Amino acid sequence: MVGVDGDLVSLPGRTEFLDHLADPVAAMPSDHPHRPEAVRLHAQGSWRLLADLYQQQSEVAWREHRPALALRLLLAESRVALRTGDRQRFGETLLILGQRHRLNGGPTAAEVWNLVLLREPLGADTARFHAHAWRELAALREVTRRYDEGLSCCERALAVCRRYPDAPGVAGRHVRALMQTATIRRLRGELVTARDLLREARELAEARDVDAFTRGLVALREGGLEIVLGRPEVALTAYRRAATAFERVSENNFLYTRLREVAALRELGRFDDALRITDDLADRFRARGDAYRLGQVLLERAEVLQSRGDMAAVAATLKETRSYYEGADTLEALRWHRHVARALIVSGGDGATAARHLAVVLDRAGRPGGRDLNRTMLALHDLHRIPETDVLSPSLRHAAGRGALLAADLQRDSLHEPGVRWANHAHREEVYQAAVLAHTVLDDPESTVRVAETGRADLLNQLLVTRSGGAVGTIAESRIDAPPGDPGLADEVFAVARLAAGAIRSGRAPDRLAVPPLPGRLPSPAALDTMADVVVVVNLGRGPDGWWSSVLTRPRHGAWRAALRTASTELAARLDILVAGVQLPPRGVSRAVWAELGAFLLPDPAVWAGTPERPRSVAITPDPRLWHLPHAALIRDGRYLCDVAEVSLTPSLRTLELLLARTVSTGPGRTPGGPAVSLLDRGLGGHRVERAALDDWPGDHRTVARLPQVDEVVDPALLYVSGHGDRAGADTRLGPDGVTMDALAPRRLPPLVVLNGCWSGTASSRYGYDPLSLAVGALLGGADTVVAGVGRIGSVASAHVGASLVRQVGRGVPVITALRHAQREIRTEHPDLGPFEWAGLCGVGAGR
């Protein structure tokens with residue numbers, strides 16, 4: 001028996017016992033093919049050769065999945081090494097003993113062997129043993145979710161590595177200690193810190209030429225983190241790197257990496273590929289009797305089956321894993337409990353049973369020292385959507401939803417790299433949409449619009465404040481300088497989790513229930529009053545009954561009000577296409593479709609209360625996936641929106657607030673005094689029309705061949721760019737000069753910019769992402785209002801709209817008023833035009 005003082009405990013006949021451990025009679029079964037050789041070496045006292053034999057046969061036994069024999073042979077090797085005074089071999093053997101006990105489900109023995117290693121005096125020759133032992137102890141704490149203790153062990157391991165950076169074997173241990181720290185940080189929801197640690201581990205492994213196996217481990221951890229960050233493409237690439245490193249080196253790690261690929265394939269919608277992997281792995285692990293890995297495979301399989309909607313197969317798979325996880329206290333067990341609950345919710349099963357499974361998750365994920373914000377968030381979200389049940393009161397369900405929303409926002413605010421932040425937001429789409437829907441149903445429109453505003457234009461709004469767009473690197477790579485979050489807010493999330501778990505277990509509602517606060521902020525009523533006659537925020541969501549819209553509307557000097565609509569089957573089919581980034585056909589869409597979209601996206605009568613003679617100004621914050629929709633062409637009661645409203649779009653209410661706060665050189669009714677600057681594509685059919693209108697500009701007209709030449713013009717009032725745009729989003733290029741968002745952002749642009757080309761005002765249709773486009777680049781470059789193309793617009797018709805717009809603005813007509821007049825004029829003169837031709841240009845920004 002081993003004691004924590006690093007030696008064997010005192011027992012009668014201690015020497016005899018130690019010798020017995022090294023004897024082949026004790027170490028090897030009688031039918032082992034190498035036992036005669038071991039007996040001979042033992043009799044001859046050939047201790048080094050005997051230790052080599054024990055080591056080799058231990059490896060064979062481990063590969064053959066005979067863990068008991070593998071561990072027994074390692075123990076024999078360690079005794080032989082100790083007998084000959086080979087402390088290095090003794091340490092290496094104990095290192096492997098501890099690790100394999102951990103992997104084989106023997107945490108107590110694993111801990112003891114690592115404590116034995118730590119009894120060795122610390123020095124350059126033992127540093128790798130100390131670093132490894134502390135990391136292994138951290139891994140043991142990770143499994144039992146004692147994260148604070150685990151991080152303390154990691155710090156001890158890293159301290160050893162920093163003290164002895166050049167000692168033999170320390171570089172590899174340093175890399176693994178960083179990986180272990182990253183894993184625990186990830187489980188605690190500290191995703192940015194985890195990513196930085198993994199990056200440091202990869203760079204260290206490359207700089208110190210650490211072995212390929214360890215580099216494979218880094219790639220494996222990077223893949224896991226990318227899954228959490230909602231980037232399955234990147235995760236799959238990392239897993240493939242790891243599999244290459246493990247192939248022919250470590251079958252166990254190779255198979256585990258293949259298992260991890262399943263989650264990435266599922267997120268990418270490659271369900272058949274994912275199921276083929278789970279079938280293969282399940283057969284392998286059943287054949288070798290590996291229940292632990294088989295359970296992991298079946299859990300992954302259940303996730304894929306649920307994504308495919310095969311709930312009968314999900315139920316059967318979860319039933320098969322019940323014996324592995326029902327009474328266990330592991331991360332896999334928590335995942336199993338949550339998956340059972342989700343399956344019951346989706347299939348309309350017993351809500352009380354689902355709640356009890358979630359109570360287990362909430363209880364264990366919120367324990368002091370091991371609080372798991374991500375798991376708690378997801379479990380609270382599931383609790384919020386459980387059907388009516390006696391064990392869960394409406395107030396507790398509402399508090400659970402608010403707790404999930406707050407947890408999601410806490411994670412969002414911890415992420416400073418835009419790509420990671422946006423992907424994480426998209427990964428939490430269900431949480432945000434559930435919050436929007438819940439507050440709409442509760443008739444709490446002000447809270448609903450506050451939720452809807454959360455994270456809509458993080459980066460854009462920050463860059464509008466700092467005026468640093470495009471100064472260094474690209475806009476999409478700029479870090480988001482979010483203020484540090486209030487650490488007490490996480491306490492409120494876990495407080496709700498504890499109350500919910502206790503209430504479910506006891507069957508009694510809590511005496512007092514504090515609802516967590518809402519994240520985000522809204523502009524003041526006075527600021528909202530300056531935006532437009534009517535302000536609208538549009539949100540889309542998809543539930544069991546199909547697509548729904550929650551539309552928040554506020555008349556000037558009035559209060560917010562909400563309207564909830566469910567799409568018809570025909571409209572839902574259109575929305576499936578629209579939210580995938582595919583615009584409606586330029587022609588052939590019936591007026592009935594535009595009318596149905598109008599009622600679904602703009603249901604409040606206040607939006608349509610204007611007249612052709614006295615239109616109302618309407619500022620719309622579209623759902624992030626609908627920037628390629630020509631809103632002016634929406635119909636209600638036979639009227640186009642542009643007939644009764646002057647329409648402008650804004651990425652968020654905060655964006656519009658910031659734009660309106662700028663000092664402007666021109667205002668409504670005032671003729672611009674500065675020159676117009678143009679960068680025109682002469683190959684377009686409407687070039688001459690645009691050029692003629694610009695030549696009539698009252699403050700002179702300057703043509704340029706390249707965008708940077710705009711900087712040479714003193715106090716321009718208008719920049720007009722025409723050309724073909726190639727795509728939606730941050731990477732589009734416009735015109736022969738290839739004008740980009742990042743090229744526009746650092747300029748000192750005039751108050752009005754016209755970007756007359758396809759996609760110039762269109763963001764990528766992705767939920768949770770900043771709506772980046774050429775128009776956004778112009779706003780960052782100083783424009784108050786940008787007139788830009790939504791989707792693929794008709795070049796000749798849009799040239800005529802643009803020319804009419806320029807002439808009117810030159811006479812002092814406000815921009816959005818002029819755009820409306822131009823659209824109606826061209827539509828009237830050419831009734832055969834489609835909406836993307838006469839209404840393909842939209843106003844983005846302040847609308848002045």
# chains A, B, ... in the order shown; residues from 1 in each chain; ligands from 1
>>> select_by_dssp(residues="range 65-130 of chain A", states="helix (DSSP H, G or I)", output="PyMOL selection string")
chain A and resi 67-83+87-103+107-118+127-130
>>> write_last_selection(atoms="C-alpha atoms", output="PDB file, in the first residue's frame")
ATOM      1  CA  PRO A  67      -5.709  -2.430 -17.814  1.00  0.00           C
ATOM      2  CA  ALA A  68      -5.315  -4.529 -14.656  1.00  0.00           C
ATOM      3  CA  LEU A  69      -2.318  -6.399 -16.095  1.00  0.00           C
ATOM      4  CA  ALA A  70      -0.843  -3.176 -17.531  1.00  0.00           C
ATOM      5  CA  LEU A  71      -0.984  -1.501 -14.121  1.00  0.00           C
ATOM      6  CA  ARG A  72       0.432  -4.541 -12.337  1.00  0.00           C
ATOM      7  CA  LEU A  73       3.416  -4.618 -14.701  1.00  0.00           C
ATOM      8  CA  LEU A  74       4.011  -0.902 -14.241  1.00  0.00           C
ATOM      9  CA  LEU A  75       4.032  -1.426 -10.495  1.00  0.00           C
ATOM     10  CA  ALA A  76       6.598  -4.200 -10.925  1.00  0.00           C
ATOM     11  CA  GLU A  77       8.746  -1.956 -13.120  1.00  0.00           C
ATOM     12  CA  SER A  78       8.658   0.804 -10.515  1.00  0.00           C
ATOM     13  CA  ARG A  79       9.790  -1.591  -7.792  1.00  0.00           C
ATOM     14  CA  VAL A  80      12.695  -2.847  -9.918  1.00  0.00           C
ATOM     15  CA  ALA A  81      13.731   0.748 -10.675  1.00  0.00           C
ATOM     16  CA  LEU A  82      13.590   1.629  -6.988  1.00  0.00           C
ATOM     17  CA  ARG A  83      15.601  -1.450  -6.079  1.00  0.00           C
ATOM     18  CA  ARG A  87      15.153   7.435  -9.601  1.00  0.00           C
ATOM     19  CA  GLN A  88      14.459   8.739 -13.116  1.00  0.00           C
ATOM     20  CA  ARG A  89      12.905   5.481 -14.193  1.00  0.00           C
ATOM     21  CA  PHE A  90      11.048   5.240 -10.915  1.00  0.00           C
ATOM     22  CA  GLY A  91       9.560   8.695 -11.502  1.00  0.00           C
ATOM     23  CA  GLU A  92       8.612   7.997 -15.117  1.00  0.00           C
ATOM     24  CA  THR A  93       6.868   4.782 -14.097  1.00  0.00           C
ATOM     25  CA  LEU A  94       4.891   6.449 -11.317  1.00  0.00           C
ATOM     26  CA  LEU A  95       3.938   9.202 -13.744  1.00  0.00           C
ATOM     27  CA  ILE A  96       2.397   6.651 -16.108  1.00  0.00           C
ATOM     28  CA  LEU A  97       0.808   4.736 -13.232  1.00  0.00           C
ATOM     29  CA  GLY A  98      -1.035   7.814 -12.037  1.00  0.00           C
ATOM     30  CA  GLN A  99      -2.175   8.786 -15.494  1.00  0.00           C
ATOM     31  CA  ARG A 100      -3.452   5.325 -16.349  1.00  0.00           C
ATOM     32  CA  HIS A 101      -5.284   4.938 -13.060  1.00  0.00           C
ATOM     33  CA  ARG A 102      -7.048   8.236 -13.864  1.00  0.00           C
ATOM     34  CA  LEU A 103      -7.935   7.108 -17.375  1.00  0.00           C
ATOM     35  CA  PRO A 107      -9.087   8.521  -9.111  1.00  0.00           C
ATOM     36  CA  THR A 108      -7.950   7.641  -5.592  1.00  0.00           C
ATOM     37  CA  ALA A 109      -5.021   5.539  -6.756  1.00  0.00           C
ATOM     38  CA  ALA A 110      -4.172   8.152  -9.384  1.00  0.00           C
ATOM     39  CA  GLU A 111      -4.040  10.861  -6.746  1.00  0.00           C
ATOM     40  CA  VAL A 112      -1.833   8.756  -4.466  1.00  0.00           C
ATOM     41  CA  TRP A 113       0.731   8.003  -7.177  1.00  0.00           C
ATOM     42  CA  ASN A 114       0.977  11.684  -8.102  1.00  0.00           C
ATOM     43  CA  LEU A 115       1.468  12.597  -4.455  1.00  0.00           C
ATOM     44  CA  VAL A 116       4.291  10.068  -4.358  1.00  0.00           C
ATOM     45  CA  LEU A 117       5.930  11.903  -7.258  1.00  0.00           C
ATOM     46  CA  LEU A 118       5.628  15.202  -5.408  1.00  0.00           C
ATOM     47  CA  ALA A 127      10.928  19.228 -12.413  1.00  0.00           C
ATOM     48  CA  ARG A 128       9.073  17.339 -15.138  1.00  0.00           C
ATOM     49  CA  PHE A 129       7.681  14.904 -12.537  1.00  0.00           C
ATOM     50  CA  HIS A 130       6.438  17.724 -10.305  1.00  0.00           C
TER      51      HIS A 130
END
>>> residues_around(residues="range 462-467 of chain A", least_positions_apart="2", cutoff="12 Å", atoms="only C-alpha atoms", output="number ranges by chain")
A: 416, 418, 455-460, 469-472, 474-483, 654-662, 745-748, 770, 776-784, 845
>>> write_last_selection(atoms="C-alpha atoms", output="CSV table (one decimal), in the first residue's frame")
chain,number,residue,atom,x,y,z
A,416,HIS,CA,-13.4,40.7,-27.0
A,418,PRO,CA,-15.5,40.1,-32.8
A,455,GLY,CA,-25.4,42.8,-29.0
A,456,ARG,CA,-27.0,44.1,-32.3
A,457,ALA,CA,-24.1,46.3,-33.3
A,458,ASP,CA,-21.4,45.9,-30.6
A,459,LEU,CA,-18.4,46.7,-32.8
A,460,LEU,CA,-20.0,49.3,-34.9
A,469,GLY,CA,-12.7,52.3,-37.7
A,470,GLY,CA,-10.1,50.9,-40.0
A,471,ALA,CA,-7.2,52.6,-38.4
A,472,VAL,CA,-5.4,49.4,-37.5
A,474,THR,CA,-9.7,45.5,-40.5
A,475,ILE,CA,-12.9,46.5,-38.9
A,476,ALA,CA,-14.0,42.9,-38.3
A,477,GLU,CA,-10.7,42.2,-36.5
A,478,SER,CA,-10.9,45.2,-34.1
A,479,ARG,CA,-11.2,44.2,-30.5
A,480,ILE,CA,-14.4,45.0,-28.7
A,481,ASP,CA,-13.5,47.1,-25.7
A,482,ALA,CA,-16.3,46.0,-23.4
A,483,PRO,CA,-16.2,47.3,-19.8
A,654,ARG,CA,-27.8,52.9,-30.2
A,655,THR,CA,-26.2,53.4,-33.6
A,656,LEU,CA,-28.8,55.9,-34.6
A,657,GLU,CA,-28.4,57.7,-31.3
A,658,LEU,CA,-24.7,58.1,-31.9
A,659,LEU,CA,-25.2,59.2,-35.5
A,660,LEU,CA,-27.8,61.9,-34.5
A,661,ALA,CA,-25.4,63.2,-31.8
A,662,ARG,CA,-22.8,64.2,-34.4
A,745,ALA,CA,-13.9,53.7,-42.6
A,746,PRO,CA,-10.7,55.7,-42.1
A,747,ARG,CA,-11.6,58.5,-44.6
A,748,ARG,CA,-13.1,61.9,-43.6
A,770,ASP,CA,-22.6,43.1,-36.5
A,776,VAL,CA,-21.2,50.7,-42.3
A,777,GLY,CA,-17.8,51.6,-43.6
A,778,ALA,CA,-19.1,55.0,-44.8
A,779,LEU,CA,-20.8,55.6,-41.4
A,780,LEU,CA,-17.5,55.0,-39.7
A,781,GLY,CA,-15.8,57.3,-42.2
A,782,GLY,CA,-18.0,60.2,-41.1
A,783,ALA,CA,-21.2,60.0,-43.1
A,784,ASP,CA,-24.4,60.7,-41.3
A,845,GLY,CA,-28.3,56.1,-40.7
>>> residues_around(residues="Ser395 in chain A", least_positions_apart="5", cutoff="12 Å", atoms="only C-alpha atoms", output="MDAnalysis selection string")
chainID A and resid 383:384 388 400:402 438 442 496 499:500 503 509:516
>>> write_last_selection(atoms="N, CA, C and O atoms", output="short mmCIF file (atom, residue, chain, number, x, y, z; two decimals), in the first residue's frame")
data_model
loop_
_atom_site.label_atom_id
_atom_site.label_comp_id
_atom_site.auth_asym_id
_atom_site.auth_seq_id
_atom_site.Cartn_x
_atom_site.Cartn_y
_atom_site.Cartn_z
N LEU A 383 -35.20 24.78 -18.72
CA LEU A 383 -36.23 24.86 -17.68
C LEU A 383 -37.30 25.88 -18.08
O LEU A 383 -38.50 25.67 -17.88
N HIS A 384 -36.86 26.96 -18.69
CA HIS A 384 -37.77 28.03 -19.10
C HIS A 384 -38.78 27.54 -20.15
O HIS A 384 -39.91 28.03 -20.21
N GLU A 388 -46.16 23.32 -19.11
CA GLU A 388 -46.76 23.54 -17.80
C GLU A 388 -46.64 22.29 -16.92
O GLU A 388 -46.94 21.18 -17.36
N ALA A 400 -36.05 31.65 -14.51
CA ALA A 400 -35.07 30.78 -15.17
C ALA A 400 -34.69 31.34 -16.53
O ALA A 400 -33.51 31.36 -16.91
N GLY A 401 -35.69 31.83 -17.28
CA GLY A 401 -35.39 32.42 -18.58
C GLY A 401 -34.53 33.66 -18.46
O GLY A 401 -33.59 33.87 -19.25
N ARG A 402 -34.81 34.49 -17.45
CA ARG A 402 -34.00 35.69 -17.24
C ARG A 402 -32.59 35.32 -16.81
O ARG A 402 -31.61 35.97 -17.21
N ALA A 438 -40.62 35.55 -24.79
CA ALA A 438 -41.23 35.54 -23.45
C ALA A 438 -41.68 36.92 -23.03
O ALA A 438 -42.80 37.09 -22.51
N LEU A 442 -45.46 38.35 -22.33
CA LEU A 442 -45.78 38.96 -21.04
C LEU A 442 -46.23 40.41 -21.17
O LEU A 442 -46.48 41.07 -20.16
N VAL A 496 -30.54 31.83 -8.88
CA VAL A 496 -31.76 31.32 -9.52
C VAL A 496 -31.66 29.82 -9.73
O VAL A 496 -32.63 29.07 -9.51
N LEU A 499 -32.32 28.07 -6.42
CA LEU A 499 -33.74 28.14 -6.07
C LEU A 499 -34.56 27.17 -6.91
O LEU A 499 -35.43 26.46 -6.40
N ALA A 500 -34.26 27.14 -8.20
CA ALA A 500 -35.02 26.26 -9.09
C ALA A 500 -34.80 24.79 -8.73
O ALA A 500 -35.75 24.01 -8.65
N ALA A 503 -36.62 24.01 -5.48
CA ALA A 503 -38.07 23.97 -5.65
C ALA A 503 -38.52 22.70 -6.35
O ALA A 503 -39.53 22.09 -5.99
N ALA A 509 -42.82 25.96 -4.24
CA ALA A 509 -42.30 27.19 -4.82
C ALA A 509 -41.51 27.95 -3.77
O ALA A 509 -41.85 27.90 -2.57
N PRO A 510 -40.45 28.67 -4.13
CA PRO A 510 -39.67 29.43 -3.16
C PRO A 510 -40.49 30.56 -2.56
O PRO A 510 -41.39 31.12 -3.21
N ASP A 511 -40.18 30.90 -1.31
CA ASP A 511 -40.91 31.97 -0.64
C ASP A 511 -40.67 33.32 -1.31
O ASP A 511 -41.58 34.12 -1.48
N ARG A 512 -39.41 33.57 -1.64
CA ARG A 512 -39.07 34.82 -2.31
C ARG A 512 -38.32 34.51 -3.59
O ARG A 512 -37.49 33.62 -3.63
N LEU A 513 -38.60 35.29 -4.62
CA LEU A 513 -37.98 35.02 -5.91
C LEU A 513 -37.58 36.35 -6.54
O LEU A 513 -38.43 37.13 -6.96
N ALA A 514 -36.27 36.60 -6.57
CA ALA A 514 -35.74 37.81 -7.20
C ALA A 514 -35.41 37.50 -8.65
O ALA A 514 -34.62 36.60 -8.93
N VAL A 515 -36.02 38.21 -9.57
CA VAL A 515 -35.78 37.99 -10.99
C VAL A 515 -34.48 38.68 -11.37
O VAL A 515 -34.28 39.86 -11.06
N PRO A 516 -33.57 37.99 -12.04
CA PRO A 516 -32.30 38.61 -12.45
C PRO A 516 -32.54 39.82 -13.34
O PRO A 516 -33.53 39.89 -14.07
#
>>> residues_around(residues="Gly791 in chain A", least_positions_apart="3", cutoff="8 Å", atoms="only C-alpha atoms", output="list in words")
Gln583, His628, Leu629, Ala728, Cys758, Trp759, Ser760, Gly761, Thr762, Phe836 and Gly840 of chain A
>>> write_last_selection(atoms="C-alpha atoms", output="mmCIF file, in the first residue's frame")
data_model
loop_
_atom_site.group_PDB
_atom_site.id
_atom_site.type_symbol
_atom_site.label_atom_id
_atom_site.label_comp_id
_atom_site.auth_asym_id
_atom_site.auth_seq_id
_atom_site.Cartn_x
_atom_site.Cartn_y
_atom_site.Cartn_z
ATOM 1 C CA GLN A 583 -33.038 37.567 -51.734
ATOM 2 C CA HIS A 628 -31.345 42.430 -48.180
ATOM 3 C CA LEU A 629 -35.070 43.214 -48.145
ATOM 4 C CA ALA A 728 -23.191 40.939 -49.034
ATOM 5 C CA CYS A 758 -25.559 45.744 -55.558
ATOM 6 C CA TRP A 759 -25.130 44.643 -51.928
ATOM 7 C CA SER A 760 -23.493 47.890 -50.788
ATOM 8 C CA GLY A 761 -25.948 48.286 -47.922
ATOM 9 C CA THR A 762 -26.465 44.585 -47.250
ATOM 10 C CA PHE A 836 -35.380 45.665 -56.395
ATOM 11 C CA GLY A 840 -33.342 48.747 -54.330
#
>>> closest_atom_pairs(of="range 546-611 of chain A", to="range 448-454 of chain A", cutoff="9 Å", atoms="only C-alpha atoms", output="JSON lines")
{"residue": "A:Ser550", "atom": "CA", "partner": "A:Thr448", "partner_atom": "CA", "distance": 8.6}
{"residue": "A:Val551", "atom": "CA", "partner": "A:Val449", "partner_atom": "CA", "distance": 8.7}
{"residue": "A:Leu552", "atom": "CA", "partner": "A:Val449", "partner_atom": "CA", "distance": 6.4}
{"residue": "A:Trp560", "atom": "CA", "partner": "A:Val449", "partner_atom": "CA", "distance": 8.2}
{"residue": "A:Ala562", "atom": "CA", "partner": "A:Thr448", "partner_atom": "CA", "distance": 8.1}
>>> write_last_selection(atoms="C-alpha atoms", output="CSV table (one decimal), in the first residue's frame")
chain,number,residue,atom,x,y,z
A,550,SER,CA,-41.9,40.1,-32.4
A,551,VAL,CA,-42.1,43.7,-33.7
A,552,LEU,CA,-41.6,46.6,-31.3
A,560,TRP,CA,-43.3,51.0,-26.8
A,562,ALA,CA,-45.3,44.9,-29.2
>>> closest_residue(among="A:Arg322, A:Arg385, A:Arg241, A:Arg364", to="Arg342 in chain A", atoms="only C-alpha atoms")
A:Arg385
>>> residues_around(residues="range 228-236 of chain A", least_positions_apart="4", cutoff="8 Å", atoms="only C-alpha atoms", output="MDAnalysis selection string")
chainID A and resid 191 222:224 240 261 263:265 267:268 420:421 423:424 426:427
>>> write_last_selection(atoms="C-alpha atoms", output="short mmCIF file (atom, residue, chain, number, x, y, z; two decimals), in the first residue's frame")
data_model
loop_
_atom_site.label_atom_id
_atom_site.label_comp_id
_atom_site.auth_asym_id
_atom_site.auth_seq_id
_atom_site.Cartn_x
_atom_site.Cartn_y
_atom_site.Cartn_z
CA LEU A 191 -13.65 31.48 -23.06
CA GLU A 222 -8.59 23.84 -29.64
CA GLY A 223 -11.28 21.91 -31.46
CA GLY A 224 -13.30 21.53 -28.27
CA ARG A 240 -8.33 16.63 -38.29
CA GLU A 261 -15.46 15.23 -34.82
CA ALA A 263 -20.09 17.37 -32.72
CA ALA A 264 -18.49 19.50 -35.43
CA LEU A 265 -20.14 17.49 -38.23
CA GLU A 267 -23.19 21.55 -36.17
CA LEU A 268 -22.37 21.66 -39.88
CA VAL A 420 -15.57 34.82 -31.39
CA ARG A 421 -18.15 37.15 -29.83
CA ALA A 423 -20.18 33.19 -33.17
CA ASN A 424 -20.90 32.80 -29.46
CA ALA A 426 -25.22 32.94 -32.72
CA HIS A 427 -24.56 29.78 -30.73
#
>>> residues_around(residues="Val801 in chain A", least_positions_apart="2", cutoff="7 Å", atoms="only C-alpha atoms", output="JSON, numbers by chain")
{"A": [797, 798, 799, 803, 804, 805, 822, 823, 826]}
>>> residues_around(residues="Phe285 in chain A", least_positions_apart="4", cutoff="12 Å", atoms="only C-alpha atoms", output="list in words")
His65, Asn252, Leu255, Tyr256, Leu259, Thr278, Asp279, Asp280, Leu281, Gly289, Asp290, Ala291, Tyr292, Arg293, Leu294, Gly295, Gln296, Val297 and Leu298 of chain A
>>> write_last_selection(atoms="N, CA and C atoms", output="mmCIF file, in the first residue's frame")
data_model
loop_
_atom_site.group_PDB
_atom_site.id
_atom_site.type_symbol
_atom_site.label_atom_id
_atom_site.label_comp_id
_atom_site.auth_asym_id
_atom_site.auth_seq_id
_atom_site.Cartn_x
_atom_site.Cartn_y
_atom_site.Cartn_z
ATOM 1 N N HIS A 65 -6.119 -3.555 -24.143
ATOM 2 C CA HIS A 65 -7.245 -3.231 -23.259
ATOM 3 C C HIS A 65 -7.348 -4.216 -22.093
ATOM 4 N N ASN A 252 -6.039 5.141 -28.762
ATOM 5 C CA ASN A 252 -7.084 5.676 -27.891
ATOM 6 C C ASN A 252 -7.360 7.148 -28.203
ATOM 7 N N LEU A 255 -9.053 7.543 -31.668
ATOM 8 C CA LEU A 255 -10.484 7.236 -31.644
ATOM 9 C C LEU A 255 -11.270 8.325 -30.920
ATOM 10 N N TYR A 256 -10.699 8.851 -29.843
ATOM 11 C CA TYR A 256 -11.392 9.920 -29.117
ATOM 12 C C TYR A 256 -11.512 11.166 -29.994
ATOM 13 N N LEU A 259 -14.280 10.738 -32.279
ATOM 14 C CA LEU A 259 -15.524 10.955 -31.547
ATOM 15 C C LEU A 259 -15.849 12.442 -31.459
ATOM 16 N N THR A 278 -20.206 7.468 -35.429
ATOM 17 C CA THR A 278 -20.702 6.907 -34.169
ATOM 18 C C THR A 278 -20.949 5.407 -34.291
ATOM 19 N N ASP A 279 -21.441 4.952 -35.444
ATOM 20 C CA ASP A 279 -21.658 3.508 -35.638
ATOM 21 C C ASP A 279 -20.333 2.752 -35.550
ATOM 22 N N ASP A 280 -19.327 3.269 -36.223
ATOM 23 C CA ASP A 280 -18.021 2.607 -36.225
ATOM 24 C C ASP A 280 -17.421 2.568 -34.818
ATOM 25 N N LEU A 281 -17.464 3.706 -34.133
ATOM 26 C CA LEU A 281 -16.866 3.769 -32.800
ATOM 27 C C LEU A 281 -17.646 2.919 -31.800
ATOM 28 N N GLY A 289 -15.292 -3.860 -24.747
ATOM 29 C CA GLY A 289 -15.875 -3.734 -23.416
ATOM 30 C C GLY A 289 -15.597 -2.414 -22.735
ATOM 31 N N ASP A 290 -15.397 -1.366 -23.507
ATOM 32 C CA ASP A 290 -15.082 -0.048 -22.947
ATOM 33 C C ASP A 290 -16.383 0.730 -22.752
ATOM 34 N N ALA A 291 -17.011 0.554 -21.593
ATOM 35 C CA ALA A 291 -18.307 1.173 -21.337
ATOM 36 C C ALA A 291 -18.204 2.696 -21.263
ATOM 37 N N TYR A 292 -17.084 3.209 -20.748
ATOM 38 C CA TYR A 292 -16.933 4.656 -20.607
ATOM 39 C C TYR A 292 -16.974 5.343 -21.970
ATOM 40 N N ARG A 293 -16.153 4.863 -22.908
ATOM 41 C CA ARG A 293 -16.135 5.471 -24.235
ATOM 42 C C ARG A 293 -17.418 5.177 -25.002
ATOM 43 N N LEU A 294 -17.988 3.998 -24.816
ATOM 44 C CA LEU A 294 -19.238 3.675 -25.486
ATOM 45 C C LEU A 294 -20.328 4.655 -25.063
ATOM 46 N N GLY A 295 -20.380 4.971 -23.779
ATOM 47 C CA GLY A 295 -21.366 5.941 -23.317
ATOM 48 C C GLY A 295 -21.183 7.295 -23.986
ATOM 49 N N GLN A 296 -19.921 7.730 -24.138
ATOM 50 C CA GLN A 296 -19.668 9.009 -24.807
ATOM 51 C C GLN A 296 -20.143 8.972 -26.257
ATOM 52 N N VAL A 297 -19.891 7.861 -26.932
ATOM 53 C CA VAL A 297 -20.310 7.728 -28.325
ATOM 54 C C VAL A 297 -21.833 7.806 -28.434
ATOM 55 N N LEU A 298 -22.515 7.117 -27.551
ATOM 56 C CA LEU A 298 -23.977 7.093 -27.617
ATOM 57 C C LEU A 298 -24.571 8.471 -27.320
#
>>> atom_distance(atom1="CA of Trp594 in chain A", atom2="CA of Leu634 in chain A")
5.1 Å
>>> closest_residue(among="A:Pro736, A:Glu326, A:Leu540, A:Val710", to="Gly683 in chain A", atoms="only C-alpha atoms")
A:Pro736
>>> closest_atom_pairs(of="range 477-591 of chain A", to="range 641-653 of chain A", cutoff="9 Å", atoms="only C-alpha atoms", output="CSV")
residue,atom,partner,partner_atom,distance
A:Leu522,CA,A:Leu653,CA,7.6
A:Pro523,CA,A:Leu653,CA,7.1
A:Leu528,CA,A:Leu653,CA,8.2
A:Met531,CA,A:Leu653,CA,8.8
A:Val535,CA,A:Leu653,CA,8.7
A:Val537,CA,A:Ser652,CA,8.3
